[in-house]
Amino acid sequence: MSLFPEPDYQIASVLLPMPLPEAFDYRLHEDMKVELGQFVTVPLGARSVTGVVWSLKDGPSKRPLKYVESVLESAPLLPQVIRDFVDRSAKYTCTPLGNMLAMCMRSRDALLPSPVENYVFKKQGAPSRLTPARQKVLSIAPDTAQAGITAAELARQAGVSAGVIKGLIEADALGQEEFPIDKPFRKPNSELKGFDLTDEQQAGADALCEAVRSQTFKPILLDGVTGSGKTEVYFEAIAEALRIDQTAQILVLLPEIALTQAVRERFENRFGAAPAEWHSNATQKERRRVWREVGAGRAQIVVGARSALFLPFQNLRLIIVDEEHDGSYKQDEGAVYQGRDLSVMRAHIGAATVVLASATPSLETLANAYQGRYQHIKLLARPGAAVLPDILLADMKQNPPAKDCWLSPLLIDALEQNLDAGEQSLLYLNRRGYAPLVICKGCGERLKAPDTESWLTEHRYTGMLVCHLTGFMMKKPVNCPHCGAADSLMGVGPGVERLAEEVRGLFQGARVEVFSSDTAKSPEELNGIIHRMEQGQVDILIGTQIAAKGHNFPNLTLVGAVDADSGLKGGQGSDLRAGERTFQLLSQVSGRAGRADKPGRAIIQTYAPDSPSIQALLANDRDWFMELEMKSREDLGFPPFGRLAAVVISAENSLAADDAASAFVQGAPNVDGVDIWGPAPAPIAVLRGRHRRRLLIRSNRNVDLSAYVSSWRERIKLSSSVRVSLDIEPYSFM
Ligand SMILES: Nc1ncnc2c1ncn2[C@@H]1O[C@H](COP(=O)(O)OP(=O)(O)OP(=O)(O)O)[C@@H](O)[C@H]1O
Ligand SMILES: [Zn+2]
């Protein structure tokens, strides 16, 4: 027996939010009490970093350990459910565990108590001497500090100097009280009434409410045609979740661009309080408030983009993924994940209901519904007088536009009729700017960004050439950079700006507006366009994808899809979802027409009238089209009938990229049921100066492809200048 036995102590394994595969061990001081999921600070090299207690065990340790420095008492615990979610989603997406935790720590400030601020208020009894300035202040000062007016703000409102306010405080005419800057969110009211639901909507709402009441994992597809009132139906499920559990939290995920003022108002009207919002444009301060309030369980309805899934919910009972088919749920950079799939995983771990809502569900989700894994709720009609739009084809070979123009006579006639009738039209073209390509008439050169293999787009409003992939911009040169010819550069093909030029030429006096991410850069601009549409101040709206989804414009009765084939043309590599996506987009954009009492129609301009996606649209037969697609994916063993992963290997030059890619392929583990295709140059072979090679890996469903790819990656040693990015279930094939 040793004379000085090693004393017993506890060890905390602490996961840090950085690219690390596992948690590190730290020793606990005897008087320090920590729990699993607690936020603590620990030393790392010379720094002090904040992480989460991932596991606890008894010492002693074989190696000397550093001590946990402090416990962040004001931070919430990261519940077991979320820790499990981090573990499993990291494994599934082949992301280092620490990077996944970082997704859950998007506001470090929120781990500390809210900063405070002093608010001023008027006290009883007027002071003896009152200058006009003091009188002015007292006449507008609030009676309570709850009004939330700072001394500086009061001085500004009264138009006086800070000294005047200070004097009034010293004279005891104004009081001050300290409050946290981050206000709690108002509690939603579950007892307000929505619309009177139609029978079909009511049946759907009842089914959702029953799932919520079961308090178990229930995945549901809410499959309703455009304008059928899916939002109203899932509002009932939200109300039910709040009714049966006072502390319930609900997450509504929306595609990033869909979080508009109109959506906000719908929530506010239905629940009597604004929801907490989480999106990429939010300020640090807004994020801090939302993160802290969600962690404290006080923010009950959260509406947000995909990353809201990683907020520290304490009691998440219901997740809605609206427009579940939308491509923006897939994050392609950093931690690569599919927000819809992880929502289902999150609900499973937390025994919650998850509702995937769409008029055009993804093939993966439909397959799950067909196979009975998801409950399938259908809404087949629009409420009241509204009906689905008529779909007409404009065959561009028989009905060609004039030279250098893009609108067929058929569509021009329809626009004219609509103008005469005082109704609104939407022209959909998914190309920003003026022209997608700039070519030299002298030498035929197509202009590219200097370090990226992609064409530059001409923007006329700004006079710039822009790379939409990297954001690179340059002024349009006068001389061709290749042959030097003057004034020889011309834009080729249509963008929304060019289409607007054509429309203005055809219909003088019509009010035409362009709706794209260039004209709706800020929330104010976005809401401005939506507002002018709602108020009937626009006759013809020309928009990209941003105009195609989610909006409700009652007087919009004509939709023209200007280039319906654009998503089907090559140049996108082997994109297995091209047909599906084209069908979804065209259905969504057509679905903007005739949503209120006036009937609507959609005109689809196409050179490929016989393609399945166009035929399905015409026949209003989504299921036929999706079954066709399913069959072909099944034959190829593609998702959801098999699994897919993409590997992109990039290096500083072409030779190094080739070497690294072939070394990587040679190290592939040999497993049955796995096919490896490539390496091949990626469709975008050079991006921001890096040369890229792609591999595509397909496996049977019973193979754990994530584990396979992770272990493969681990056993390959590559030079540090080579980057390898892994993408499980890739959506982008660039
Ligand atoms: N029962 C109802 N009575 C009256 N109006 C309704 C009813 N249900 C829905 N509406 C209205 O119909 C319109 C479409 O509803 P909503 O936006 O919920 O449809 P959606 O299915 O989400 O559509 P999309 O998929 O095209 O975005 C909205 O203006 C909504 O207020
Ligand atoms: Zn030239």
# chains A, B, ... in the order shown; residues from 1 in each chain; ligands from 1
>>> select_by_dssp(residues="stretch 13-246 of chain A", states="strand (DSSP E)", output="PyMOL selection string")
chain A and resi 13-15+24-27+39-44+47-58+70-71+116-122+174-180+218-224
>>> residues_near_ligand(ligand="ligand 1", cutoff="6 Å", atoms="only C-alpha atoms and all ligand atoms", output="count of residues only")
18
>>> residues_near_ligand(ligand="ligand 2", cutoff="7 Å", atoms="only C-alpha atoms and all ligand atoms", output="ChimeraX atom specification")
/A:440-445,480-485,488
>>> write_last_selection(atoms="N, CA and C atoms", output="PDB file, in the first residue's frame")
ATOM      1  N   CYS A 440     -17.171  37.810 -76.480  1.00  0.00           N
ATOM      2  CA  CYS A 440     -16.558  38.800 -77.372  1.00  0.00           C
ATOM      3  C   CYS A 440     -16.947  38.494 -78.814  1.00  0.00           C
ATOM      4  N   LYS A 441     -17.520  39.491 -79.503  1.00  0.00           N
ATOM      5  CA  LYS A 441     -17.935  39.305 -80.891  1.00  0.00           C
ATOM      6  C   LYS A 441     -16.721  39.118 -81.796  1.00  0.00           C
ATOM      7  N   GLY A 442     -15.575  39.657 -81.334  1.00  0.00           N
ATOM      8  CA  GLY A 442     -14.356  39.572 -82.139  1.00  0.00           C
ATOM      9  C   GLY A 442     -13.739  38.191 -82.088  1.00  0.00           C
ATOM     10  N   CYS A 443     -13.450  37.688 -80.890  1.00  0.00           N
ATOM     11  CA  CYS A 443     -12.668  36.453 -80.785  1.00  0.00           C
ATOM     12  C   CYS A 443     -13.452  35.283 -80.196  1.00  0.00           C
ATOM     13  N   GLY A 444     -14.684  35.526 -79.747  1.00  0.00           N
ATOM     14  CA  GLY A 444     -15.492  34.418 -79.223  1.00  0.00           C
ATOM     15  C   GLY A 444     -15.211  34.059 -77.774  1.00  0.00           C
ATOM     16  N   GLU A 445     -14.301  34.803 -77.141  1.00  0.00           N
ATOM     17  CA  GLU A 445     -13.964  34.525 -75.739  1.00  0.00           C
ATOM     18  C   GLU A 445     -15.199  34.697 -74.842  1.00  0.00           C
ATOM     19  N   CYS A 480     -12.008  43.860 -74.955  1.00  0.00           N
ATOM     20  CA  CYS A 480     -11.989  42.433 -74.643  1.00  0.00           C
ATOM     21  C   CYS A 480     -10.658  42.092 -73.964  1.00  0.00           C
ATOM     22  N   PRO A 481     -10.688  41.467 -72.796  1.00  0.00           N
ATOM     23  CA  PRO A 481      -9.432  41.151 -72.105  1.00  0.00           C
ATOM     24  C   PRO A 481      -8.599  40.131 -72.890  1.00  0.00           C
ATOM     25  N   HIS A 482      -9.200  39.452 -73.861  1.00  0.00           N
ATOM     26  CA  HIS A 482      -8.482  38.409 -74.600  1.00  0.00           C
ATOM     27  C   HIS A 482      -7.833  38.972 -75.866  1.00  0.00           C
ATOM     28  N   CYS A 483      -8.635  39.599 -76.755  1.00  0.00           N
ATOM     29  CA  CYS A 483      -8.095  40.081 -78.029  1.00  0.00           C
ATOM     30  C   CYS A 483      -7.937  41.600 -78.074  1.00  0.00           C
ATOM     31  N   GLY A 484      -8.484  42.290 -77.065  1.00  0.00           N
ATOM     32  CA  GLY A 484      -8.296  43.728 -77.005  1.00  0.00           C
ATOM     33  C   GLY A 484      -9.263  44.543 -77.841  1.00  0.00           C
ATOM     34  N   ALA A 485     -10.149  43.888 -78.604  1.00  0.00           N
ATOM     35  CA  ALA A 485     -11.102  44.623 -79.442  1.00  0.00           C
ATOM     36  C   ALA A 485     -11.967  45.540 -78.576  1.00  0.00           C
ATOM     37  N   SER A 488     -16.598  45.171 -77.992  1.00  0.00           N
ATOM     38  CA  SER A 488     -16.967  43.923 -78.667  1.00  0.00           C
ATOM     39  C   SER A 488     -17.659  42.940 -77.719  1.00  0.00           C
TER      40      SER A 488
END
>>> closest_residue(among="A:Leu154, A:Val302, A:Leu97, A:Leu506", to="A:Ala402", atoms="only C-alpha atoms")
A:Leu506
>>> closest_atom_pairs(of="stretch 77-122 of chain A", to="stretch 43-65 of chain A", cutoff="12 Å", atoms="only C-alpha atoms", output="Markdown table")
| residue | atom | partner | partner_atom | distance |
| --- | --- | --- | --- | --- |
| A:Leu77 | CA | A:Val52 | CA | 8.7 |
| A:Leu78 | CA | A:Val52 | CA | 7.7 |
| A:Pro79 | CA | A:Trp54 | CA | 10.5 |
| A:Gln80 | CA | A:Trp54 | CA | 9.3 |
| A:Ile82 | CA | A:Trp54 | CA | 11.0 |
| A:Arg83 | CA | A:Trp54 | CA | 7.6 |
| A:Asp84 | CA | A:Trp54 | CA | 10.0 |
| A:Val86 | CA | A:Trp54 | CA | 10.7 |
| A:Asp87 | CA | A:Trp54 | CA | 10.1 |
| A:Leu97 | CA | A:Trp54 | CA | 11.1 |
| A:Gly98 | CA | A:Gly51 | CA | 9.2 |
| A:Asn99 | CA | A:Gly51 | CA | 11.6 |
| A:Leu101 | CA | A:Val52 | CA | 8.6 |
| A:Ala102 | CA | A:Gly51 | CA | 9.2 |
| A:Cys104 | CA | A:Val52 | CA | 10.5 |
| A:Met105 | CA | A:Gly51 | CA | 9.1 |
| A:Ser107 | CA | A:Thr50 | CA | 11.8 |
| A:Arg108 | CA | A:Thr50 | CA | 8.6 |
| A:Asp109 | CA | A:Thr50 | CA | 11.2 |
| A:Leu111 | CA | A:Thr50 | CA | 9.6 |
| A:Leu112 | CA | A:Thr50 | CA | 11.5 |
>>> residues_around(residues="stretch 169-184 of chain A", least_positions_apart="2", cutoff="6 Å", atoms="only C-alpha atoms", output="PyMOL selection string")
chain A and resi 114-123+166-167+289
>>> write_last_selection(atoms="C-alpha atoms", output="PDB file, in the first residue's frame")
ATOM      1  CA  SER A 114     -27.988  39.653 -20.263  1.00  0.00           C
ATOM      2  CA  PRO A 115     -26.221  43.005 -20.132  1.00  0.00           C
ATOM      3  CA  VAL A 116     -28.305  45.604 -18.320  1.00  0.00           C
ATOM      4  CA  GLU A 117     -29.379  49.107 -19.149  1.00  0.00           C
ATOM      5  CA  ASN A 118     -30.857  51.948 -17.067  1.00  0.00           C
ATOM      6  CA  TYR A 119     -34.278  53.228 -18.042  1.00  0.00           C
ATOM      7  CA  VAL A 120     -35.600  56.564 -16.819  1.00  0.00           C
ATOM      8  CA  PHE A 121     -39.065  57.483 -15.573  1.00  0.00           C
ATOM      9  CA  LYS A 122     -40.837  60.544 -14.132  1.00  0.00           C
ATOM     10  CA  LYS A 123     -41.064  60.751 -10.360  1.00  0.00           C
ATOM     11  CA  LYS A 166     -28.571  64.425 -15.477  1.00  0.00           C
ATOM     12  CA  GLY A 167     -29.724  67.532 -13.652  1.00  0.00           C
ATOM     13  CA  ARG A 289     -31.558  37.162 -27.056  1.00  0.00           C
TER      14      ARG A 289
END
>>> atom_distance(atom1="atom CA of A:Asp404", atom2="atom CA of A:Glu423")
27.4 Å
>>> closest_residue(among="A:Ile320, A:Ala646, A:Leu36, A:Leu28", to="A:Arg694", atoms="only C-alpha atoms")
A:Ala646
>>> select_by_dssp(residues="stretch 142-288 of chain A", states="alpha helix (DSSP H)", output="VMD selection string")
chain A and resid 151 to 158 162 to 170 199 to 214 230 to 244 261 to 271 284 to 288
>>> atom_distance(atom1="atom CA of A:Ser706", atom2="atom CA of A:Tyr370")
25.3 Å
>>> closest_residue(among="A:Phe507, A:Trp278, A:Phe267, A:Phe185", to="A:Asn418", atoms="only C-alpha atoms")
A:Phe507
>>> residues_around(residues="A:Met626", least_positions_apart="5", cutoff="9 Å", atoms="only C-alpha atoms", output="PDB file with C-alpha atoms, in the first residue's frame")
ATOM      1  CA  SER A 362     -39.236  15.535 -52.175  1.00  0.00           C
ATOM      2  CA  LEU A 363     -38.918  12.066 -53.607  1.00  0.00           C
ATOM      3  CA  LEU A 366     -42.771  10.628 -50.628  1.00  0.00           C
ATOM      4  CA  GLU A 580     -37.627  16.561 -59.784  1.00  0.00           C
ATOM      5  CA  ASP A 621     -50.314  14.421 -62.214  1.00  0.00           C
ATOM      6  CA  LYS A 631     -38.513   3.819 -60.633  1.00  0.00           C
TER       7      LYS A 631
END
>>> residues_around(residues="A:Ile391", least_positions_apart="2", cutoff="7 Å", atoms="only C-alpha atoms", output="MDAnalysis selection string")
chainID A and resid 389 393 601:603 618
>>> residues_around(residues="A:Lys598", least_positions_apart="6", cutoff="12 Å", atoms="only C-alpha atoms", output="PyMOL selection string")
chain A and resi 384-389+418+421-424+553-558
>>> residues_around(residues="A:Tyr607", least_positions_apart="2", cutoff="12 Å", atoms="only C-alpha atoms", output="number ranges by chain")
A: 393-401, 408, 562-566, 568-569, 604-605, 609-611, 614
>>> write_last_selection(atoms="N, CA and C atoms", output="CSV table (one decimal), in the first residue's frame")
chain,number,residue,atom,x,y,z
A,393,LEU,N,-49.3,25.1,-72.3
A,393,LEU,CA,-48.0,25.1,-72.8
A,393,LEU,C,-47.8,26.1,-73.9
A,394,ALA,N,-46.7,26.8,-73.9
A,394,ALA,CA,-46.3,27.5,-75.1
A,394,ALA,C,-45.1,26.7,-75.7
A,395,ASP,N,-45.3,26.0,-76.8
A,395,ASP,CA,-44.3,25.3,-77.4
A,395,ASP,C,-43.4,26.3,-78.2
A,396,MET,N,-42.2,26.5,-77.8
A,396,MET,CA,-41.4,27.6,-78.4
A,396,MET,C,-41.0,27.3,-79.8
A,397,LYS,N,-41.1,26.0,-80.3
A,397,LYS,CA,-40.7,25.8,-81.6
A,397,LYS,C,-41.8,26.2,-82.6
A,398,GLN,N,-43.1,26.1,-82.1
A,398,GLN,CA,-44.2,26.5,-82.9
A,398,GLN,C,-44.6,27.9,-82.7
A,399,ASN,N,-44.2,28.4,-81.5
A,399,ASN,CA,-44.7,29.8,-81.1
A,399,ASN,C,-43.5,30.6,-80.7
A,400,PRO,N,-42.5,30.8,-81.7
A,400,PRO,CA,-41.2,31.4,-81.3
A,400,PRO,C,-41.3,32.9,-81.0
A,401,PRO,N,-40.5,33.3,-80.1
A,401,PRO,CA,-40.4,34.8,-79.8
A,401,PRO,C,-39.7,35.5,-81.0
A,408,SER,N,-43.1,34.5,-76.0
A,408,SER,CA,-43.8,33.9,-77.1
A,408,SER,C,-45.1,34.8,-77.4
A,562,VAL,N,-40.8,31.6,-68.1
A,562,VAL,CA,-40.2,32.0,-69.4
A,562,VAL,C,-39.3,31.0,-70.0
A,563,ASP,N,-38.5,30.4,-69.1
A,563,ASP,CA,-37.6,29.4,-69.6
A,563,ASP,C,-37.7,28.1,-68.7
A,564,ALA,N,-38.8,27.4,-69.0
A,564,ALA,CA,-39.1,26.2,-68.1
A,564,ALA,C,-38.1,25.1,-68.2
A,565,ASP,N,-37.3,25.1,-69.3
A,565,ASP,CA,-36.4,24.0,-69.5
A,565,ASP,C,-35.0,24.3,-68.8
A,566,SER,N,-34.8,25.5,-68.3
A,566,SER,CA,-33.5,25.8,-67.9
A,566,SER,C,-32.9,24.9,-66.9
A,568,LEU,N,-33.3,21.8,-66.7
A,568,LEU,CA,-33.0,20.4,-67.3
A,568,LEU,C,-31.8,20.4,-68.2
A,569,LYS,N,-31.3,21.5,-68.6
A,569,LYS,CA,-30.2,21.6,-69.5
A,569,LYS,C,-29.0,21.1,-68.8
A,604,ILE,N,-46.5,27.9,-69.7
A,604,ILE,CA,-45.1,27.3,-69.5
A,604,ILE,C,-44.5,27.3,-70.9
A,605,GLN,N,-43.4,28.2,-71.0
A,605,GLN,CA,-42.7,28.2,-72.3
A,605,GLN,C,-41.6,27.1,-72.3
A,609,PRO,N,-41.7,20.0,-74.9
A,609,PRO,CA,-43.0,19.8,-74.3
A,609,PRO,C,-43.3,18.3,-74.0
A,610,ASP,N,-42.5,17.4,-74.5
A,610,ASP,CA,-42.7,16.0,-74.2
A,610,ASP,C,-42.0,15.5,-72.9
A,611,SER,N,-41.1,16.3,-72.4
A,611,SER,CA,-40.4,15.8,-71.2
A,611,SER,C,-41.3,15.5,-70.1
A,614,ILE,N,-42.7,18.3,-67.7
A,614,ILE,CA,-43.6,19.2,-68.3
A,614,ILE,C,-45.0,18.5,-68.5
>>> closest_residue(among="A:Asp341, A:Asp223, A:Glu525, A:Asp451", to="A:His376", atoms="only C-alpha atoms")
A:Asp223
>>> atom_distance(atom1="atom CA of A:Arg693", atom2="atom CA of A:Ser654")
9.1 Å
